[in-house]
>>> print(open('my_file05.txt').read())   # compact mmCIF, N, CA and C atoms
# COMPACT_ATOMS: atom_id res chain seq x y z
N MET Z 1 138.01 72.92 77.77
CA MET Z 1 138.25 71.66 78.42
C MET Z 1 137.44 70.57 77.71
N ASN Z 2 138.09 69.51 77.36
CA ASN Z 2 137.46 68.38 76.70
C ASN Z 2 136.62 67.61 77.73
N PRO Z 3 135.29 67.46 77.51
CA PRO Z 3 134.44 66.77 78.49
C PRO Z 3 134.87 65.33 78.76
N ALA Z 4 135.40 64.65 77.73
CA ALA Z 4 135.84 63.26 77.93
C ALA Z 4 137.03 63.21 78.87
N VAL Z 5 137.97 64.13 78.70
CA VAL Z 5 139.12 64.18 79.58
C VAL Z 5 138.68 64.56 80.99
N SER Z 6 137.77 65.53 81.09
CA SER Z 6 137.27 65.94 82.39
C SER Z 6 136.64 64.76 83.12
N MET Z 7 135.87 63.94 82.41
CA MET Z 7 135.26 62.76 83.01
C MET Z 7 136.35 61.80 83.48
N ASN Z 8 137.43 61.66 82.71
CA ASN Z 8 138.52 60.78 83.11
C ASN Z 8 139.21 61.30 84.37
N ILE Z 9 139.37 62.61 84.48
CA ILE Z 9 139.97 63.19 85.68
C ILE Z 9 139.06 62.92 86.89
N SER Z 10 137.77 63.14 86.73
CA SER Z 10 136.82 62.89 87.82
C SER Z 10 136.86 61.44 88.25
N GLN Z 11 136.87 60.55 87.28
CA GLN Z 11 136.92 59.11 87.59
C GLN Z 11 138.25 58.75 88.24
N GLY Z 12 139.33 59.36 87.75
CA GLY Z 12 140.64 59.10 88.33
C GLY Z 12 140.73 59.56 89.78
N VAL Z 13 140.18 60.73 90.08
CA VAL Z 13 140.19 61.23 91.45
C VAL Z 13 139.32 60.32 92.33
N LEU Z 14 138.19 59.88 91.80
CA LEU Z 14 137.35 58.94 92.55
C LEU Z 14 138.13 57.67 92.88
N GLU Z 15 138.86 57.14 91.91
CA GLU Z 15 139.66 55.92 92.15
C GLU Z 15 140.75 56.17 93.19
N VAL Z 16 141.36 57.36 93.15
CA VAL Z 16 142.37 57.70 94.16
C VAL Z 16 141.73 57.65 95.55
N PHE Z 17 140.57 58.24 95.70
CA PHE Z 17 139.89 58.23 97.00
C PHE Z 17 139.54 56.80 97.40
N ARG Z 18 139.03 56.02 96.48
CA ARG Z 18 138.66 54.64 96.80
C ARG Z 18 139.87 53.83 97.26
N GLN Z 19 140.99 54.00 96.58
CA GLN Z 19 142.20 53.27 96.97
C GLN Z 19 142.77 53.80 98.29
N THR Z 20 142.78 55.11 98.44
CA THR Z 20 143.34 55.71 99.65
C THR Z 20 142.55 55.33 100.90
N PHE Z 21 141.23 55.27 100.76
CA PHE Z 21 140.37 54.93 101.89
C PHE Z 21 140.03 53.43 101.94
N HIS Z 22 140.61 52.65 101.03
CA HIS Z 22 140.39 51.20 100.99
C HIS Z 22 138.90 50.87 100.98
N ASN Z 23 138.17 51.59 100.10
CA ASN Z 23 136.72 51.41 100.02
C ASN Z 23 136.31 51.47 98.54
N PRO Z 24 136.18 50.31 97.88
CA PRO Z 24 135.88 50.30 96.45
C PRO Z 24 134.50 50.83 96.07
N SER Z 25 133.62 51.02 97.05
CA SER Z 25 132.29 51.54 96.74
C SER Z 25 132.11 53.00 97.21
N LEU Z 26 133.19 53.63 97.62
CA LEU Z 26 133.14 55.00 98.11
C LEU Z 26 132.59 55.94 97.03
N ILE Z 27 131.73 56.83 97.43
CA ILE Z 27 131.19 57.87 96.56
C ILE Z 27 131.66 59.21 97.10
N ILE Z 28 132.15 60.06 96.21
CA ILE Z 28 132.58 61.39 96.62
C ILE Z 28 131.76 62.44 95.88
N ALA Z 29 131.76 63.65 96.42
CA ALA Z 29 131.05 64.78 95.80
C ALA Z 29 132.00 65.97 95.76
N ALA Z 30 131.80 66.84 94.80
CA ALA Z 30 132.67 67.99 94.60
C ALA Z 30 132.73 68.90 95.83
N ASN Z 31 131.67 68.95 96.61
CA ASN Z 31 131.65 69.85 97.76
C ASN Z 31 132.23 69.23 99.03
N MET Z 32 132.72 68.00 98.97
CA MET Z 32 133.29 67.35 100.15
C MET Z 32 134.61 68.00 100.52
N VAL Z 33 134.84 68.09 101.84
CA VAL Z 33 136.07 68.69 102.36
C VAL Z 33 136.69 67.76 103.41
N ASN Z 34 137.94 68.09 103.75
CA ASN Z 34 138.66 67.35 104.77
C ASN Z 34 137.77 67.17 105.99
N GLY Z 35 137.64 65.94 106.45
CA GLY Z 35 136.82 65.63 107.61
C GLY Z 35 135.45 65.07 107.27
N ASP Z 36 135.03 65.16 106.00
CA ASP Z 36 133.72 64.64 105.63
C ASP Z 36 133.68 63.11 105.60
N LEU Z 37 134.83 62.48 105.52
CA LEU Z 37 134.91 61.03 105.55
C LEU Z 37 135.67 60.61 106.80
N PRO Z 38 135.25 59.52 107.45
CA PRO Z 38 136.01 59.04 108.61
C PRO Z 38 137.47 58.77 108.22
N GLY Z 39 138.38 59.32 108.99
CA GLY Z 39 139.80 59.11 108.73
C GLY Z 39 140.43 60.12 107.79
N TRP Z 40 139.63 61.06 107.30
CA TRP Z 40 140.16 62.07 106.37
C TRP Z 40 140.76 63.20 107.19
N ASP Z 41 142.06 63.09 107.40
CA ASP Z 41 142.78 64.10 108.17
C ASP Z 41 143.91 64.65 107.32
N SER Z 42 144.79 65.43 107.92
CA SER Z 42 145.86 66.07 107.15
C SER Z 42 146.82 65.03 106.55
N PHE Z 43 147.05 63.93 107.25
CA PHE Z 43 147.91 62.89 106.70
C PHE Z 43 147.27 62.24 105.48
N LYS Z 44 145.97 62.02 105.56
CA LYS Z 44 145.24 61.43 104.42
C LYS Z 44 145.25 62.40 103.24
N ASN Z 45 145.20 63.70 103.53
CA ASN Z 45 145.30 64.70 102.45
C ASN Z 45 146.59 64.53 101.68
N VAL Z 46 147.68 64.34 102.39
CA VAL Z 46 148.98 64.15 101.74
C VAL Z 46 148.94 62.91 100.86
N GLU Z 47 148.39 61.82 101.37
CA GLU Z 47 148.26 60.59 100.58
C GLU Z 47 147.45 60.83 99.31
N ILE Z 48 146.36 61.56 99.44
CA ILE Z 48 145.49 61.83 98.29
C ILE Z 48 146.24 62.64 97.24
N LEU Z 49 146.93 63.69 97.67
CA LEU Z 49 147.67 64.54 96.73
C LEU Z 49 148.78 63.77 96.03
N LEU Z 50 149.54 62.96 96.79
CA LEU Z 50 150.60 62.17 96.18
C LEU Z 50 150.04 61.14 95.20
N ALA Z 51 148.91 60.54 95.56
CA ALA Z 51 148.29 59.56 94.67
C ALA Z 51 147.78 60.22 93.39
N CYS Z 52 147.24 61.43 93.49
CA CYS Z 52 146.80 62.15 92.29
C CYS Z 52 147.99 62.51 91.41
N GLU Z 53 149.07 62.94 92.03
CA GLU Z 53 150.28 63.24 91.25
C GLU Z 53 150.74 62.00 90.47
N ALA Z 54 150.75 60.87 91.14
CA ALA Z 54 151.19 59.63 90.49
C ALA Z 54 150.20 59.19 89.40
N ALA Z 55 148.91 59.30 89.70
CA ALA Z 55 147.89 58.83 88.75
C ALA Z 55 147.88 59.64 87.46
N PHE Z 56 148.10 60.95 87.56
CA PHE Z 56 147.99 61.82 86.39
C PHE Z 56 149.33 62.30 85.85
N GLY Z 57 150.43 61.92 86.52
CA GLY Z 57 151.74 62.35 86.06
C GLY Z 57 151.94 63.85 86.18
N ILE Z 58 151.42 64.41 87.28
CA ILE Z 58 151.49 65.86 87.51
C ILE Z 58 152.24 66.12 88.81
N ARG Z 59 152.57 67.37 89.05
CA ARG Z 59 153.19 67.79 90.31
C ARG Z 59 152.51 69.06 90.79
N PHE Z 60 152.12 69.07 92.06
CA PHE Z 60 151.52 70.25 92.66
C PHE Z 60 152.60 71.10 93.31
N ARG Z 61 152.47 72.40 93.18
CA ARG Z 61 153.33 73.33 93.89
C ARG Z 61 152.64 73.69 95.21
N SER Z 62 153.42 74.11 96.18
CA SER Z 62 152.86 74.44 97.50
C SER Z 62 151.72 75.44 97.41
N LYS Z 63 151.90 76.48 96.61
CA LYS Z 63 150.84 77.49 96.50
C LYS Z 63 149.58 76.93 95.84
N GLU Z 64 149.72 75.93 94.98
CA GLU Z 64 148.55 75.28 94.37
C GLU Z 64 147.81 74.44 95.42
N ILE Z 65 148.57 73.75 96.24
CA ILE Z 65 147.97 72.92 97.29
C ILE Z 65 147.16 73.79 98.24
N ASP Z 66 147.66 74.98 98.52
CA ASP Z 66 146.95 75.90 99.42
C ASP Z 66 145.58 76.29 98.87
N LEU Z 67 145.39 76.22 97.56
CA LEU Z 67 144.13 76.59 96.93
C LEU Z 67 143.10 75.46 96.92
N ILE Z 68 143.52 74.25 97.25
CA ILE Z 68 142.63 73.09 97.21
C ILE Z 68 141.90 72.98 98.54
N ARG Z 69 140.61 73.27 98.51
CA ARG Z 69 139.79 73.26 99.72
C ARG Z 69 138.73 72.15 99.70
N SER Z 70 138.45 71.60 98.53
CA SER Z 70 137.39 70.59 98.40
C SER Z 70 137.77 69.58 97.33
N VAL Z 71 136.97 68.54 97.23
CA VAL Z 71 137.18 67.55 96.17
C VAL Z 71 137.06 68.22 94.80
N GLY Z 72 136.10 69.11 94.66
CA GLY Z 72 135.93 69.83 93.39
C GLY Z 72 137.16 70.65 93.04
N ASP Z 73 137.74 71.32 94.04
CA ASP Z 73 138.97 72.08 93.81
C ASP Z 73 140.09 71.15 93.35
N LEU Z 74 140.19 69.98 93.97
CA LEU Z 74 141.21 69.00 93.60
C LEU Z 74 141.01 68.55 92.15
N MET Z 75 139.78 68.26 91.79
CA MET Z 75 139.50 67.84 90.41
C MET Z 75 139.88 68.93 89.41
N MET Z 76 139.52 70.18 89.74
CA MET Z 76 139.85 71.29 88.83
C MET Z 76 141.36 71.49 88.73
N MET Z 77 142.05 71.35 89.84
CA MET Z 77 143.51 71.52 89.82
C MET Z 77 144.16 70.41 89.01
N CYS Z 78 143.69 69.18 89.19
CA CYS Z 78 144.22 68.06 88.39
C CYS Z 78 143.96 68.30 86.91
N GLN Z 79 142.76 68.78 86.58
CA GLN Z 79 142.42 69.05 85.18
C GLN Z 79 143.32 70.14 84.61
N THR Z 80 143.53 71.20 85.35
CA THR Z 80 144.39 72.30 84.90
C THR Z 80 145.81 71.82 84.66
N LYS Z 81 146.33 71.05 85.61
CA LYS Z 81 147.70 70.53 85.47
C LYS Z 81 147.79 69.57 84.28
N TRP Z 82 146.77 68.72 84.11
CA TRP Z 82 146.73 67.76 83.01
C TRP Z 82 146.69 68.49 81.67
N ASP Z 83 145.83 69.51 81.59
CA ASP Z 83 145.73 70.29 80.35
C ASP Z 83 147.05 70.97 80.01
N ALA Z 84 147.76 71.44 81.03
CA ALA Z 84 149.04 72.13 80.80
C ALA Z 84 150.09 71.17 80.25
N LEU Z 85 149.95 69.89 80.53
CA LEU Z 85 150.90 68.89 80.03
C LEU Z 85 150.60 68.43 78.61
N ALA Z 86 149.42 68.75 78.11
CA ALA Z 86 148.97 68.26 76.80
C ALA Z 86 149.99 68.46 75.69
N PRO Z 87 150.62 69.63 75.56
CA PRO Z 87 151.59 69.79 74.46
C PRO Z 87 152.82 68.89 74.62
N HIS Z 88 153.06 68.41 75.81
CA HIS Z 88 154.26 67.60 76.07
C HIS Z 88 153.99 66.11 76.06
N ARG Z 89 152.74 65.72 75.84
CA ARG Z 89 152.41 64.29 75.82
C ARG Z 89 152.48 63.77 74.41
>>> encode(input="my_file05.txt", output="structure tokens")
Amino acid sequence: MNPAVSMNISQGVLEVFRQTFHNPSLIIAANMVNGDLPGWDSFKNVEILLACEAAFGIRFRSKEIDLIRSVGDLMMMCQTKWDALAPHR
């Protein structure tokens, strides 16, 4: 994994959270889970996933979504999906 790309994924996920929660100064951590932020419910999860798909040009499968339990899991899944697209970019 290229560290520069990984940093871009982390920053991109942070921006998704900031936009989704309408909070430009929001700070997230890899160990954060649904409910750690006010208003972070199942509907907000859907918004976050859709925004990540749009931001990175990726698509999550249902079984992949089931594996995402934390912000760190989301970042790793975005990175994996992004890396898989590399030959097609």
>>> closest_residue(input="my_file05.txt", among="Z:Cys78, Z:Ile48, Z:Leu85, Z:Ala54", to="Z:Thr20", atoms="only N, CA and C atoms")
Z:Ile48
>>> atom_distance(input="my_file05.txt", atom1="atom C of Z:Ser10", atom2="atom C of Z:Ala84")
18.3 Å
>>> residues_around(input="my_file05.txt", residues="stretch 26-36 of chain Z", least_positions_apart="3", cutoff="8 Å", atoms="only N, CA and C atoms", output="PyMOL selection string")
chain Z and resi 14+17-19+22-23+39-42+45+69-75
>>> select_by_dssp(input="my_file05.txt", residues="chain Z", states="alpha helix (DSSP H)", output="PyMOL selection string")
chain Z and resi 3-20+42-56+62-67+71-85
>>> atom_distance(input="my_file05.txt", atom1="atom CA of Z:Leu49", atom2="atom CA of Z:Val13")
9.7 Å
>>> atom_distance(input="my_file05.txt", atom1="atom CA of Z:Ser25", atom2="atom C of Z:Asp83")
29.6 Å
>>> residues_around(input="my_file05.txt", residues="Z:Arg61", least_positions_apart="4", cutoff="12 Å", atoms="only C-alpha atoms", output="list in words")
Leu49, Leu50, Glu53, Ile65, Asp66, Leu67, Ile68, Met77, Cys78 and Lys81 of chain Z
>>> write_last_selection(input="my_file05.txt", atoms="N, CA and C atoms", output="mmCIF file, keeping the file's coordinate frame")
data_model
loop_
_atom_site.group_PDB
_atom_site.id
_atom_site.type_symbol
_atom_site.label_atom_id
_atom_site.label_comp_id
_atom_site.auth_asym_id
_atom_site.auth_seq_id
_atom_site.Cartn_x
_atom_site.Cartn_y
_atom_site.Cartn_z
ATOM 1 N N LEU Z 49 146.930 63.690 97.670
ATOM 2 C CA LEU Z 49 147.670 64.540 96.730
ATOM 3 C C LEU Z 49 148.780 63.770 96.030
ATOM 4 N N LEU Z 50 149.540 62.960 96.790
ATOM 5 C CA LEU Z 50 150.600 62.170 96.180
ATOM 6 C C LEU Z 50 150.040 61.140 95.200
ATOM 7 N N GLU Z 53 149.070 62.940 92.030
ATOM 8 C CA GLU Z 53 150.280 63.240 91.250
ATOM 9 C C GLU Z 53 150.740 62.000 90.470
ATOM 10 N N ILE Z 65 148.570 73.750 96.240
ATOM 11 C CA ILE Z 65 147.970 72.920 97.290
ATOM 12 C C ILE Z 65 147.160 73.790 98.240
ATOM 13 N N ASP Z 66 147.660 74.980 98.520
ATOM 14 C CA ASP Z 66 146.950 75.900 99.420
ATOM 15 C C ASP Z 66 145.580 76.290 98.870
ATOM 16 N N LEU Z 67 145.390 76.220 97.560
ATOM 17 C CA LEU Z 67 144.130 76.590 96.930
ATOM 18 C C LEU Z 67 143.100 75.460 96.920
ATOM 19 N N ILE Z 68 143.520 74.250 97.250
ATOM 20 C CA ILE Z 68 142.630 73.090 97.210
ATOM 21 C C ILE Z 68 141.900 72.980 98.540
ATOM 22 N N MET Z 77 142.050 71.350 89.840
ATOM 23 C CA MET Z 77 143.510 71.520 89.820
ATOM 24 C C MET Z 77 144.160 70.410 89.010
ATOM 25 N N CYS Z 78 143.690 69.180 89.190
ATOM 26 C CA CYS Z 78 144.220 68.060 88.390
ATOM 27 C C CYS Z 78 143.960 68.300 86.910
ATOM 28 N N LYS Z 81 146.330 71.050 85.610
ATOM 29 C CA LYS Z 81 147.700 70.530 85.470
ATOM 30 C C LYS Z 81 147.790 69.570 84.280
#
>>> axis_aligned_box(input="my_file05.txt", around="stretch 61-67 of chain Z", padding_each_side="6 Å", output="AutoDock Vina command-line options")
--center_x 148.3 --center_y 74.9 --center_z 96.3 --size_x 22.3 --size_y 17.1 --size_z 18.2
>>> closest_residue(input="my_file05.txt", among="Z:Val16, Z:Pro87, Z:Pro24, Z:Lys63", to="Z:Lys44", atoms="only C-alpha atoms")
Z:Val16
>>> closest_residue(input="my_file05.txt", among="Z:Met76, Z:Gly12, Z:Leu37, Z:Trp82", to="Z:Ala51", atoms="only C-alpha atoms")
Z:Gly12
